[in-house]
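Single-structure report; data block below.
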Amino acid sequence: MLLFVSLYFEVFLLVTYLEKRIQIKYETSRKNTFFPSVSIIVPCFNEEHTVVKTIQSLLRLDYPEEKIEIIVVNDGSRDKTAQILKENFSTEKRITVLHKENGGKYTALNYGLTHSHGEFVGCLDADSFVEPSTLSNIISYFEDKTIMSVVPSIIVHSPSTVIQSFQQVEYQWGIFLRKVLSYLGALYVTPGPFSIFRREIFNVIGTYTEGHKTEDLEFALRLQKNHYRIANAHSAYVHTVAPKTLKTLYAQRLRWTYGFLKNAFDYRELFFKKEYGHLGLFVLPMAAGTIFTTLYTVGNVIFEMLMKGVEKWVEIATVGVDISWKGFHFDWFFLNTDGILFLSTILSVITVLLILIGKKLAVGKMTFSRDLVYFFLLFPFITPLWLGTAIYRVAFSKKVSWR
């Protein structure tokens with residue numbers, strides 16, 4: 001049953017993509033002629049190694065200089081962030097640097113909001129970098145006055161470890177998913193790396209809240225609850241520094257999963273409600289259910305592997321090791337035609353196809369790479385580390401740290 005639902009979901013996403021191919025091609029090729037004023041807030045906490053490159057990427061945006069306002073908020077950093085900001089940007093007229101006591105990312109964003117003046121407001125995490133055309137591509141979507149937020153495509157910046165390599169595949173899958181969900185009106189995250197909003201929306205539904213350390217998810221759910229549209233600019237690229245080690249990946253994903261579960265409970269009235277369309281009837285329940293089904297599926301695979309290992313050990317202990325070679329003979333009778341294996345194979349093939357489509361949206365071509373091998377061999381088996389811990393922490397009201 002679980003495999004069938006997952007397969008149905010992926011086929012549904014694929015069909016939606018195929019139906020929207022002409023629209024996607026149009027969005028990719030259109031030129032922006034709409035240049036309103038934009039304020040970009042960069043919240044910083046101990047970002048001495050990346051903040052300069054982040055701000056420099058903003059200064060290189062292909063957008064009228066007089067229409068961009070960059071507000072950097074140093075949220076009580078304990079490293080050299082404040083010093084580096086002063087040394088590099090004290091004379092840059094487009095940049096305003098603010099300092100405050102540490103209070104968390106959402107407080108830095110709200111502090112920046114009070115000092116911003118643009119018709120549109122966005123956020124860029126201090127470990128992410130935009131391409132020159134990114135802002136222009138995003139702003140073009142706001143010519144549709146019903147759209148209140150636009151989110152970009154996020155790419156892993158210069159992956160150098162195996163951990164980052166399989167995250168690159170995951171982010172490519174995310175590019176595809178974000179595009180399709182935008183057409184379904186079912187986006188439920190406005191990511192920190194360069195989501196842009198109409199300024200007026202903050203006056204209507206309020207500013208950022210703590211959101212269980214996932215304020216970008218909480219704000220998107222608040223938008224959806226109030227029936228405001230979120231679009232995706234798939235050709236607006238943002239490069240983000242992904243965790244390099246299993247320890248840092250675990251901390252990040254634990255926070256994300258914990259935040260999703262807590263916010264899903266806070267916004268439980270969206271679930272299974274026809275008035276929230278695909279988001280309420282299908283996408284949110286599927287996202288929540290996937291956390292539990294992943295734990296069950298991976299646990300079952302590991303259990304079966306252990307049982308097979310025990311059986312083999314007993315066989316060897318009983319009759320010894322048979323090293324004779326009897327030749328190879330294939331017999332169709334012994335081909336495994338189990339229904340679960342069949343569905344799993346189809347599901348895996350479609351998953352690869354969706355990832356490749358995401359890769360095409362990101363880099364313009366569908367190609368196989370070692371990253372895919374890393375993803376399928378490693379990622380499913382480490383995911384339960386943070387999924388299980390997040391469920392435990394939610395169940396027993398134990399909070400998570402930011403890093």
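For the structure tokens, the naming scheme is as follows: chains receive sequential letters (A, B, ...) according to their order of presentation, residues are indexed from 1 within each chain, and ligands are indexed from 1 in presentation order.
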Contacts of stretch 256-263 of chain A at 12 Å (only C-alpha atoms; same-chain gap of 2+ positions) as a count of residues only: 59
Test item: residues at most 12 Å from A:Val204, only C-alpha atoms, excluding those fewer than 2 positions along its chain, as a count of residues only: 12
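Distances here use only C-alpha atoms; by that measure, the residue among A:Ser182, A:Ser348, A:Thr297, A:Gln56 closest to A:His278 is A:Ser182.
In this comparison, which uses only C-alpha atoms, the residue of A:Glu65, A:Glu315, A:Asp75, A:Glu143 approaching A:Phe45 most closely is A:Asp75.
Within stretch 220-322 of chain A, the backbone-based DSSP assignment of strand (DSSP E) covers A:Arg229, A:Ile230, A:Ala231, A:Asn232, A:Ala233, A:His234, A:Ser235, A:Ala236, A:Tyr237, A:Val238, A:His239, A:Thr240.
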Export of prior selection with N, CA, C and O atoms as a compact mmCIF listing (two decimals), in the first residue's frame:
# COMPACT_ATOMS: atom_id res chain seq x y z
N ARG A 229 -0.73 33.13 -2.89
CA ARG A 229 0.02 32.31 -3.85
C ARG A 229 1.53 32.44 -3.67
O ARG A 229 2.06 33.53 -3.43
N ILE A 230 2.22 31.30 -3.81
CA ILE A 230 3.68 31.23 -3.80
C ILE A 230 4.10 30.62 -5.13
O ILE A 230 3.63 29.54 -5.50
N ALA A 231 4.98 31.29 -5.86
CA ALA A 231 5.45 30.79 -7.15
C ALA A 231 6.91 30.37 -7.06
O ALA A 231 7.60 30.69 -6.08
N ASN A 232 7.37 29.67 -8.08
CA ASN A 232 8.76 29.24 -8.14
C ASN A 232 9.41 29.74 -9.43
O ASN A 232 8.87 29.53 -10.52
N ALA A 233 10.54 30.41 -9.30
CA ALA A 233 11.32 30.84 -10.46
C ALA A 233 12.44 29.83 -10.66
O ALA A 233 13.52 29.96 -10.07
N HIS A 234 12.21 28.82 -11.49
CA HIS A 234 13.16 27.70 -11.60
C HIS A 234 14.48 28.12 -12.23
O HIS A 234 15.50 27.46 -12.02
N SER A 235 14.49 29.21 -13.00
CA SER A 235 15.74 29.66 -13.63
C SER A 235 16.45 30.73 -12.82
O SER A 235 17.41 31.34 -13.29
N ALA A 236 15.98 30.96 -11.58
CA ALA A 236 16.66 31.88 -10.65
C ALA A 236 17.50 31.03 -9.71
O ALA A 236 16.97 30.38 -8.80
N TYR A 237 18.82 31.03 -9.91
CA TYR A 237 19.68 30.09 -9.19
C TYR A 237 20.37 30.74 -7.99
O TYR A 237 20.91 31.84 -8.07
N VAL A 238 20.35 30.00 -6.89
CA VAL A 238 21.05 30.39 -5.68
C VAL A 238 21.94 29.21 -5.27
O VAL A 238 21.47 28.07 -5.19
N HIS A 239 23.21 29.50 -5.02
CA HIS A 239 24.15 28.46 -4.60
C HIS A 239 24.32 28.54 -3.09
O HIS A 239 24.58 29.61 -2.54
N THR A 240 24.18 27.41 -2.43
CA THR A 240 24.28 27.40 -0.97
C THR A 240 25.36 26.42 -0.52
O THR A 240 25.57 25.37 -1.16
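When atom CA of A:Lys80 is paired with atom CA of A:Lys247, their separation reads 23.9 Å.
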DSSP-assigned helix (DSSP H, G or I) members of stretch 6-149 of chain A, reported as a VMD selection string: chain A and resid 6 to 19 21 to 29 51 to 59 65 to 67 81 to 89 105 to 114 134 to 143
